[in-house]
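In what follows, a single structure is set out as structure tokens and then discussed.
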Amino acid sequence: MVESSAMAERKSLKQRAFDKIPIGLKVAFLSNYDAYVDPRRYQLHVNRENNRRERLGTSVADIFQYNLPETKKNGSPQKILDIAAGTGIVSRVLVERGYQVHATDLSQEALDYLKEQSPTIATTRADMNEGLPFAENQFDGATIVWSNRYIDNPKKFLFETNRVLKVDGILVWPLFPLDSLAWKLKIGISKPTFPDSLETLAKKSGFKNARQETLLFEARGKEHQIPVLVAKK
């Protein structure tokens with residue numbers, strides 16, 4: 001019993017220390033963030049950042065609207081897959097633009113929060129490293145934002161994304177330099193994680209063309225041009 005109490009105390013101290021870590025750092029560096037990051041606290045963090053990630057969602061939606069200007073096709077909304085959607089920052093903006101969105105994430109808690117805030121968004125818990133749980137040719141577009149470092153195999157990810165897209169469907173994939181560096185350190189320096197190498201890999205993974213665009217992202221009071229891979233099936 002004494003040993004059990006001591007173990008519990010150590011666990012409590014460890015948890016309190018962990019709670020003091022800023023949530024932005026947890027999301028940035030934890031490989032198992034889904035087990036620790038509370039979605040409501042994360043959304044508060046996002047809001048404290050002067051809604052810069054909300055503006056990121058707007059920038060991603062702008063790229064979709066440039067490449068998929070008709071939000072409806074044959075009378076039905078075009079379907080966008082938001083991979084590793086988290087609390088739905090990008091998903092909500094896409095819905096506001098008229099797209100039909102299906103969000104996936106490893107964290108069921110995050111998806112529950114997303115659904116609570118935006119009931120019209122379909123959600124499916126999924127580990128993108130295990131493949132996407134959808135049939136072929138299901139979506140007109142796909143995106144993943146701020147989660148590249150969790151992808152174990154870029155080639156498999158691109159192949160799976162291509163598989164679930166319809167013909168002429170597009171992948172809109174922001175590639176933040178810091179995220180790409182952290183990703184490379186995780187999966188190996190020889191693996192493609194930066195825009196040029198991922199553009200080449202996309203073409204080898206079934207996309208008929210791929211190019212780079214840019215979006216503006218504000219950080220620490222400055223706007224940065226972030227490369228975005230736009231790949232078309």
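So you can find residues: chains in the structure tokens are A, B, ... in the order shown, residues in each start at 1, and ligands are numbered from 1 in order.
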Can you list every residue of region 147-202 of chain A that has an atom at most 9 Å from region 126-136 of chain A, with its nearest atom pair and the distance in Å to one decimal, using only C-alpha atoms, ordered by chain then number, as a Markdown table?
| residue | atom | partner | partner_atom | distance |
| --- | --- | --- | --- | --- |
| A:Tyr150 | CA | A:Asn129 | CA | 8.3 |
| A:Ile151 | CA | A:Asn129 | CA | 6.3 |
| A:Asp152 | CA | A:Asn129 | CA | 6.3 |
| A:Asn153 | CA | A:Asn129 | CA | 7.2 |
| A:Lys156 | CA | A:Gly131 | CA | 7.9 |
| A:Phe157 | CA | A:Asn129 | CA | 7.1 |
| A:Glu160 | CA | A:Gly131 | CA | 6.2 |
| A:Thr161 | CA | A:Leu132 | CA | 7.5 |
| A:Asn162 | CA | A:Glu136 | CA | 8.6 |
| A:Arg163 | CA | A:Glu136 | CA | 5.3 |
| A:Val164 | CA | A:Glu136 | CA | 4.4 |
| A:Leu165 | CA | A:Glu136 | CA | 6.8 |
| A:Lys166 | CA | A:Glu136 | CA | 7.6 |
As a tab-separated table (two decimals) with N, CA and C atoms, in the first residue's frame, which residues of region 33-157 of chain A does DSSP assign to alpha helix (DSSP H)?
chain	number	residue	atom	x	y	z
A	39	PRO	N	-8.87	19.20	-26.17
A	39	PRO	CA	-9.24	20.03	-27.31
A	39	PRO	C	-9.76	21.41	-26.92
A	40	ARG	N	-10.43	21.50	-25.79
A	40	ARG	CA	-10.94	22.81	-25.37
A	40	ARG	C	-9.80	23.75	-25.00
A	41	ARG	N	-8.79	23.21	-24.31
A	41	ARG	CA	-7.63	24.02	-23.96
A	41	ARG	C	-6.85	24.40	-25.23
A	42	TYR	N	-6.80	23.48	-26.17
A	42	TYR	CA	-6.11	23.79	-27.42
A	42	TYR	C	-6.82	24.91	-28.17
A	43	GLN	N	-8.17	24.86	-28.21
A	43	GLN	CA	-8.90	25.91	-28.91
A	43	GLN	C	-8.71	27.26	-28.24
A	44	LEU	N	-8.62	27.29	-26.90
A	44	LEU	CA	-8.32	28.53	-26.20
A	44	LEU	C	-6.94	29.06	-26.59
A	45	HIS	N	-5.98	28.12	-26.72
A	45	HIS	CA	-4.64	28.50	-27.17
A	45	HIS	C	-4.70	29.12	-28.55
A	46	VAL	N	-5.48	28.51	-29.43
A	46	VAL	CA	-5.62	29.04	-30.79
A	46	VAL	C	-6.20	30.45	-30.75
A	47	ASN	N	-7.22	30.64	-29.94
A	47	ASN	CA	-7.87	31.94	-29.86
A	47	ASN	C	-6.93	33.00	-29.28
A	48	ARG	N	-6.07	32.60	-28.35
A	48	ARG	CA	-5.12	33.55	-27.76
A	48	ARG	C	-4.08	34.00	-28.77
A	52	ARG	N	-4.73	33.50	-35.38
A	52	ARG	CA	-3.88	33.33	-36.56
A	52	ARG	C	-4.15	32.00	-37.25
A	53	ARG	N	-4.51	30.98	-36.48
A	53	ARG	CA	-4.81	29.70	-37.13
A	53	ARG	C	-6.17	29.72	-37.81
A	54	GLU	N	-7.07	30.56	-37.32
A	54	GLU	CA	-8.32	30.76	-38.05
A	54	GLU	C	-8.02	31.39	-39.41
A	55	ARG	N	-7.08	32.30	-39.43
A	55	ARG	CA	-6.67	32.92	-40.70
A	55	ARG	C	-5.96	31.89	-41.58
A	56	LEU	N	-5.27	30.96	-40.95
A	56	LEU	CA	-4.66	29.88	-41.72
A	56	LEU	C	-5.75	29.07	-42.42
A	57	GLY	N	-6.83	28.78	-41.70
A	57	GLY	CA	-7.95	28.07	-42.31
A	57	GLY	C	-8.51	28.84	-43.50
A	58	THR	N	-8.58	30.15	-43.36
A	58	THR	CA	-9.07	30.99	-44.46
A	58	THR	C	-8.14	30.90	-45.67
A	59	SER	N	-6.83	30.91	-45.42
A	59	SER	CA	-5.87	30.82	-46.52
A	59	SER	C	-5.99	29.48	-47.25
A	60	VAL	N	-6.15	28.40	-46.49
A	60	VAL	CA	-6.31	27.07	-47.11
A	60	VAL	C	-7.60	27.04	-47.93
A	61	ALA	N	-8.67	27.60	-47.38
A	61	ALA	CA	-9.95	27.63	-48.10
A	61	ALA	C	-9.83	28.45	-49.38
A	62	ASP	N	-9.05	29.53	-49.34
A	62	ASP	CA	-8.85	30.34	-50.55
A	62	ASP	C	-8.20	29.52	-51.66
A	63	ILE	N	-7.23	28.69	-51.29
A	63	ILE	CA	-6.56	27.85	-52.29
A	63	ILE	C	-7.53	26.84	-52.88
A	64	PHE	N	-8.38	26.27	-52.02
A	64	PHE	CA	-9.39	25.35	-52.54
A	64	PHE	C	-10.33	26.07	-53.50
A	65	GLN	N	-10.76	27.27	-53.13
A	65	GLN	CA	-11.72	27.96	-53.99
A	65	GLN	C	-11.10	28.39	-55.31
A	66	TYR	N	-9.80	28.62	-55.31
A	66	TYR	CA	-9.13	28.94	-56.57
A	66	TYR	C	-9.07	27.71	-57.47
A	67	ASN	N	-8.84	26.55	-56.86
A	67	ASN	CA	-8.69	25.31	-57.63
A	67	ASN	C	-10.00	24.55	-57.82
A	89	ILE	N	-10.40	23.63	-37.08
A	89	ILE	CA	-10.12	25.01	-37.48
A	89	ILE	C	-10.29	25.20	-39.00
A	90	VAL	N	-9.71	24.29	-39.76
A	90	VAL	CA	-9.82	24.37	-41.22
A	90	VAL	C	-11.18	23.88	-41.69
A	91	SER	N	-11.67	22.82	-41.08
A	91	SER	CA	-12.96	22.23	-41.48
A	91	SER	C	-14.08	23.26	-41.46
A	92	ARG	N	-14.13	24.06	-40.39
A	92	ARG	CA	-15.22	25.01	-40.24
A	92	ARG	C	-15.20	26.08	-41.34
A	93	VAL	N	-14.01	26.53	-41.70
A	93	VAL	CA	-13.92	27.55	-42.75
A	93	VAL	C	-14.37	26.96	-44.09
A	94	LEU	N	-13.98	25.73	-44.35
A	94	LEU	CA	-14.38	25.08	-45.61
A	94	LEU	C	-15.89	24.92	-45.69
A	95	VAL	N	-16.53	24.58	-44.57
A	95	VAL	CA	-17.98	24.47	-44.55
A	95	VAL	C	-18.62	25.82	-44.82
A	96	GLU	N	-18.06	26.87	-44.23
A	96	GLU	CA	-18.59	28.22	-44.46
A	96	GLU	C	-18.50	28.61	-45.93
A	108	GLN	N	-10.33	10.88	-30.58
A	108	GLN	CA	-11.79	10.90	-30.58
A	108	GLN	C	-12.31	12.09	-29.79
A	109	GLU	N	-11.58	12.48	-28.75
A	109	GLU	CA	-11.99	13.62	-27.95
A	109	GLU	C	-12.01	14.90	-28.79
A	110	ALA	N	-11.01	15.06	-29.64
A	110	ALA	CA	-10.98	16.22	-30.52
A	110	ALA	C	-12.14	16.19	-31.50
A	111	LEU	N	-12.44	15.02	-32.04
A	111	LEU	CA	-13.55	14.90	-32.98
A	111	LEU	C	-14.89	15.16	-32.29
A	112	ASP	N	-15.03	14.71	-31.06
A	112	ASP	CA	-16.27	14.97	-30.31
A	112	ASP	C	-16.46	16.46	-30.12
A	113	TYR	N	-15.37	17.15	-29.80
A	113	TYR	CA	-15.43	18.61	-29.64
A	113	TYR	C	-15.79	19.27	-30.97
A	114	LEU	N	-15.15	18.82	-32.04
A	114	LEU	CA	-15.42	19.37	-33.37
A	114	LEU	C	-16.91	19.20	-33.71
A	115	LYS	N	-17.45	18.02	-33.45
A	115	LYS	CA	-18.85	17.73	-33.76
A	115	LYS	C	-19.78	18.58	-32.90
A	116	GLU	N	-19.39	18.79	-31.67
A	116	GLU	CA	-20.17	19.63	-30.77
A	116	GLU	C	-20.27	21.06	-31.29
A	117	GLN	N	-19.15	21.55	-31.82
A	117	GLN	CA	-19.12	22.92	-32.34
A	117	GLN	C	-19.73	23.03	-33.74
A	154	PRO	N	5.75	9.23	-45.87
A	154	PRO	CA	5.19	10.21	-46.81
A	154	PRO	C	4.65	9.56	-48.09
A	155	LYS	N	5.36	8.55	-48.61
A	155	LYS	CA	4.92	7.91	-49.84
A	155	LYS	C	3.58	7.22	-49.64
A	156	LYS	N	3.43	6.49	-48.56
A	156	LYS	CA	2.18	5.82	-48.27
A	156	LYS	C	1.05	6.82	-48.08
A	157	PHE	N	1.37	7.93	-47.38
A	157	PHE	CA	0.35	8.95	-47.15
A	157	PHE	C	-0.13	9.53	-48.48
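Closest to Gly188 (chain A) among A:Arg149, A:Lys72, A:Lys222, A:His102 is A:Arg149, based on only C-alpha atoms.
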Which one of A:Ala122, A:Val145, A:Ala103, A:Leu81 sits closest to Ile170 (chain A) if you count only C-alpha atoms?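 The answer is A:Leu81, which sits nearest to Ile170 (chain A).
Across the model, the gap from CA of Pro227 (chain A) to CA of Leu215 (chain A) is 6.7 Å.
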Residues flagged strand (DSSP E) by DSSP in region 27-184 of chain A, as number ranges by chain: A: 72-73, 76-77, 79-83, 100-105, 122-125, 139-144, 165-174
Interatomic distance (Å, one decimal) between CA of Lys184 (chain A) and CA of Ala85 (chain A): 21.5 Å
Check the smallest atom-to-atom distance from each of A:Asn209, A:Asn148, A:Ser118, A:Lys232 to Ile187 (chain A) using only C-alpha atoms, then report the winner.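 The shortest atom-to-atom distance to Ile187 (chain A) comes from A:Asn148.
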